[in-house]
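Colleague: Got a structure for you, written out below as structure tokens; questions coming shortly.
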Amino acid sequence: MIKLSHVSKEYPRRGHALRDVSFHIRKGEFAFLTGHSGSGKSTTLRLIHMADRPSEGEVRVSGYSSERVTERDLWKVRRRVGFVFQDFRLLPGRTALENVAFVLEVTGTPQRAIQPKAQRLLAQVGLAPKVGADVNELSGGEQQRVAIARALANDPYVLLADEPTGNLDDRATRGVMDLFWDINAKGMAVLMATHDLEVMRRHPIARVLELDPGRPVYDSEAAERPGAEEADLPGAEEAEPTGTKAPEPAVDAPATAPTAVESAVGPSEAGGEPTP
Ligand SMILES: Nc1ncnc2c1ncn2[C@@H]1O[C@H](COP(=O)(O)OP(=O)(O)O)[C@@H](O)[C@H]1O
Ligand SMILES: [Mg+2]
């Protein structure tokens with residue numbers, strides 16, 4: 001479903017953030033992407049979100065290839081990759097419901113479906129009693145749940161999370177991790193960047209992929225299941241053939257919508273300043 005093949009990413013003047021990274025995330029998988037600060041975790045997630053293109057190699061997401069994706073398809077695929085950030089990135093001064101409804105609106109959900117769907121998403125993350133609360137009045141854990149509900153709004157193929165527990169206390173961290181496991185148990189793949197060893201220790205059945213500056217140095221799956229790495233050989237493609245059409249939301253967003261989605265949910269609005 002997600003496949004990186006010999007992916008490198010070079011930033012002008014900064015050199016390589018990633019160098020020859022290959023891995024494959026299957027439907028329904030739960031994987032941690034770990035490594036020290038600066039090892040390339042966020043860069044990897046941005047490439048999978050197709051917010052950025054690799055300098056070399058190929059990123060495939062549900063049949064779309066970074067090498068061939070058109071501008072129009074780019075937005076289709078980006079809309080279907082849920083993204084959760086360390087700092088939540090909610091619209092301040094708006095309610096939980098408005099935050100989720102906004103994304104549904106800009107991605108073209110029919111007007112009368114928006115409220116019920118936003119309610120259902122917030123109920124799914126355990127926030128039914130807080131739908132009308134201003135997000136500024138919610139705890140960190142609750143804010144992250146709103147962000148997760150928002151990430152689930154367009155029925156994503158995969159949920160990407162970049163250090164989603166980095167700003168949370170231990171109790172909120174456990175709650176958010178339980179929620180990710182719930183979501184994963186319903187069949188959604190989750191790829192979570194973290195350098196929190198304690199979080200990973202508490203979830204020993206998850207796959208662990210480790211980067212050490214920009215290079216893949218460990219994959220628990222390849223380590224524990226001899227032959228597993230064969231899945232990454234050319235020709236061992238997963239069930240989705242090249243060019244498979246992704247199922248579409250009921251109504252297509254207007255051409256200007258992606259910019260709004262981008263600013264609401266996309267990682268590239270973070271601007272050019274890299275994390276040191
Ligand atoms: N937009 C950018 N422009 C230039 N360099 C970047 C950019 N984003 C990341 N980098 C550099 O790429 C490397 C990996 O960064 P990053 O992916 O943020 O790592 P991590 O998320 O593991 O901390 C770092 O050296 C970082 O400075
Ligand atoms: Mg990062």
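By convention here, the chains of the structure tokens are called A, B, ... in the order presented, each chain's residues are numbered starting at 1, and ligands are numbered starting at 1 in the order presented.
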Give me the chain A side of the contact with ligand 2, cut-off 7 Å, one line per residue showing its nearest atom pair and distance in Å at one decimal, counting only C-alpha atoms and all ligand atoms, sorted by chain and residue number, as JSON lines.
Modeller:
{"residue": "A:Ser37", "atom": "CA", "partner": "ligand 2", "partner_atom_place_in_ligand_line": "1 (Mg)", "distance": 6.5}
{"residue": "A:Gly38", "atom": "CA", "partner": "ligand 2", "partner_atom_place_in_ligand_line": "1 (Mg)", "distance": 6.7}
{"residue": "A:Gly40", "atom": "CA", "partner": "ligand 2", "partner_atom_place_in_ligand_line": "1 (Mg)", "distance": 6.9}
{"residue": "A:Lys41", "atom": "CA", "partner": "ligand 2", "partner_atom_place_in_ligand_line": "1 (Mg)", "distance": 5.4}
{"residue": "A:Ser42", "atom": "CA", "partner": "ligand 2", "partner_atom_place_in_ligand_line": "1 (Mg)", "distance": 4.1}
{"residue": "A:Asp162", "atom": "CA", "partner": "ligand 2", "partner_atom_place_in_ligand_line": "1 (Mg)", "distance": 6.5}
{"residue": "A:Thr275", "atom": "CA", "partner": "ligand 2", "partner_atom_place_in_ligand_line": "1 (Mg)", "distance": 6.4}
Colleague: Please find the residues contacting ligand 1 at a distance of at most 9 Å between atoms, with only C-alpha atoms and all ligand atoms counted, and report them as number ranges by chain.
Modeller: A: 9-18, 33-46, 162-163, 193-195, 211-214, 268, 270-276
Colleague: Residues at most 12 Å from Asp178 (chain A), counting only C-alpha atoms, excluding those fewer than 4 positions away in the same chain, as a short mmCIF file (atom, residue, chain, number, x, y, z; two decimals) with C-alpha atoms, in the first residue's frame?
Modeller:
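To be explicit, this is the file written out as out_6.cif:
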data_model
loop_
_atom_site.label_atom_id
_atom_site.label_comp_id
_atom_site.auth_asym_id
_atom_site.auth_seq_id
_atom_site.Cartn_x
_atom_site.Cartn_y
_atom_site.Cartn_z
CA VAL A 125 -12.24 9.37 19.17
CA GLY A 126 -14.17 9.52 22.45
CA GLY A 141 -4.90 14.82 24.89
CA ARG A 145 -8.08 13.50 19.57
CA THR A 165 2.55 12.18 21.80
CA ARG A 171 -1.82 9.68 30.78
CA ALA A 172 -2.80 11.50 27.59
CA THR A 173 -0.09 9.59 25.72
CA ARG A 174 -1.65 6.28 26.78
CA ASP A 182 -8.36 1.02 18.08
CA ILE A 183 -8.16 2.69 14.69
CA ASN A 184 -5.58 0.16 13.56
CA ALA A 185 -7.72 -2.74 14.84
CA VAL A 199 5.85 4.29 23.95
CA ARG A 202 4.54 -0.56 25.61
CA HIS A 203 3.55 -1.72 22.12
#
Colleague: Taking only C-alpha atoms into account, which of A:Glu105, A:Pro92, A:Arg120, A:Gln115 comes nearest Asn136 (chain A)?
Modeller: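 The shortest atom-to-atom distance to Asn136 (chain A) comes from A:Pro92.
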Colleague: When distances are computed from only C-alpha atoms, which of A:Gly108, A:Gly175, A:Gly57, A:Gly28 shows the smallest separation from Ala153 (chain A)?
Modeller: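 Answer, going by the shortest atom-to-atom distance: A:Gly108.
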Colleague: As an exercise, work out the distance from CA of Ala31 (chain A) to CA of Leu91 (chain A) in Å and give it to one decimal place.
Modeller: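 If I compute the distance from CA of Ala31 (chain A) to CA of Leu91 (chain A), I get 28.5 Å.
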Colleague: Which polymer residues have any atom within 7 Å of an atom of Pro164 (chain A), counting only C-alpha atoms, with same-chain residues fewer than 5 positions away left out, as a list of chain:residue names?
Modeller: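 Returned residues: A:Val84, A:Phe85, A:Gln86.
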Colleague: Write the residues you've just listed into a file as a CSV table (one decimal), in the first residue's frame, and include C-alpha atoms for each of them.
Modeller:
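Once written, selection_36.csv looks like this:
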chain,number,residue,atom,x,y,z
A,84,VAL,CA,-1.4,14.0,12.8
A,85,PHE,CA,1.2,16.4,14.2
A,86,GLN,CA,2.9,16.8,17.5
Colleague: Considering only C-alpha atoms, can you say which of A:Asp52, A:Asp196, A:Glu142, A:Glu29 comes closest to Ser8 (chain A)?
Modeller: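 Using only C-alpha atoms, Ser8 (chain A) sits closest to A:Asp52.
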Colleague: Using only C-alpha atoms, which of the listed residues (A:Ser220, A:Gln143, A:Ser5, A:Ser22) sits closest to Arg89 (chain A)?
Modeller: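 With only C-alpha atoms as the atom set, the closest residue is A:Gln143.
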Colleague: Got a sec to tell me which of region 6-240 of chain A DSSP assigns to alpha helix (DSSP H), as a PyMOL selection string?
Modeller: chain A and resi 41-48+71-79+96-106+111-124+140-151+170-185+197-201+220-224
Colleague: Going by DSSP on the backbone, which bits of region 56-230 of chain A are strand (DSSP E)? Write them as a ChimeraX atom specification, please.
Modeller: /A:56-61,64-65,81-84,158-162,189-193,207-212,215-219
Colleague: Do you know which residues are at most 9 Å from Gly132 (chain A) counting only C-alpha atoms, after dropping those on the same chain fewer than 2 positions away, and could you put them as a list in words?
Modeller: Arg94, Thr95, Ala96, Leu97, Glu98, Pro129, Lys130, Asp134 and Val135 of chain A
Colleague: For Lys27 (chain A), work out the shell of residues within 7 Å, counting only C-alpha atoms and skipping chain neighbours fewer than 2 positions away, then give it as a PyMOL selection string.
Modeller: chain A and resi 1+25+29+188-189
Colleague: State, in Å with one decimal place, the distance from CA of Glu210 (chain A) to CA of Phe32 (chain A).
Modeller: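 According to the coordinates, CA of Glu210 (chain A) and CA of Phe32 (chain A) are separated by 8.1 Å.
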Colleague: Hey, which of A:Leu191, A:Val69, A:Ala118, A:Leu197 ends up closest to His24 (chain A)? Count only C-alpha atoms.
Modeller: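 The shortest atom-to-atom distance to His24 (chain A) comes from A:Leu191.
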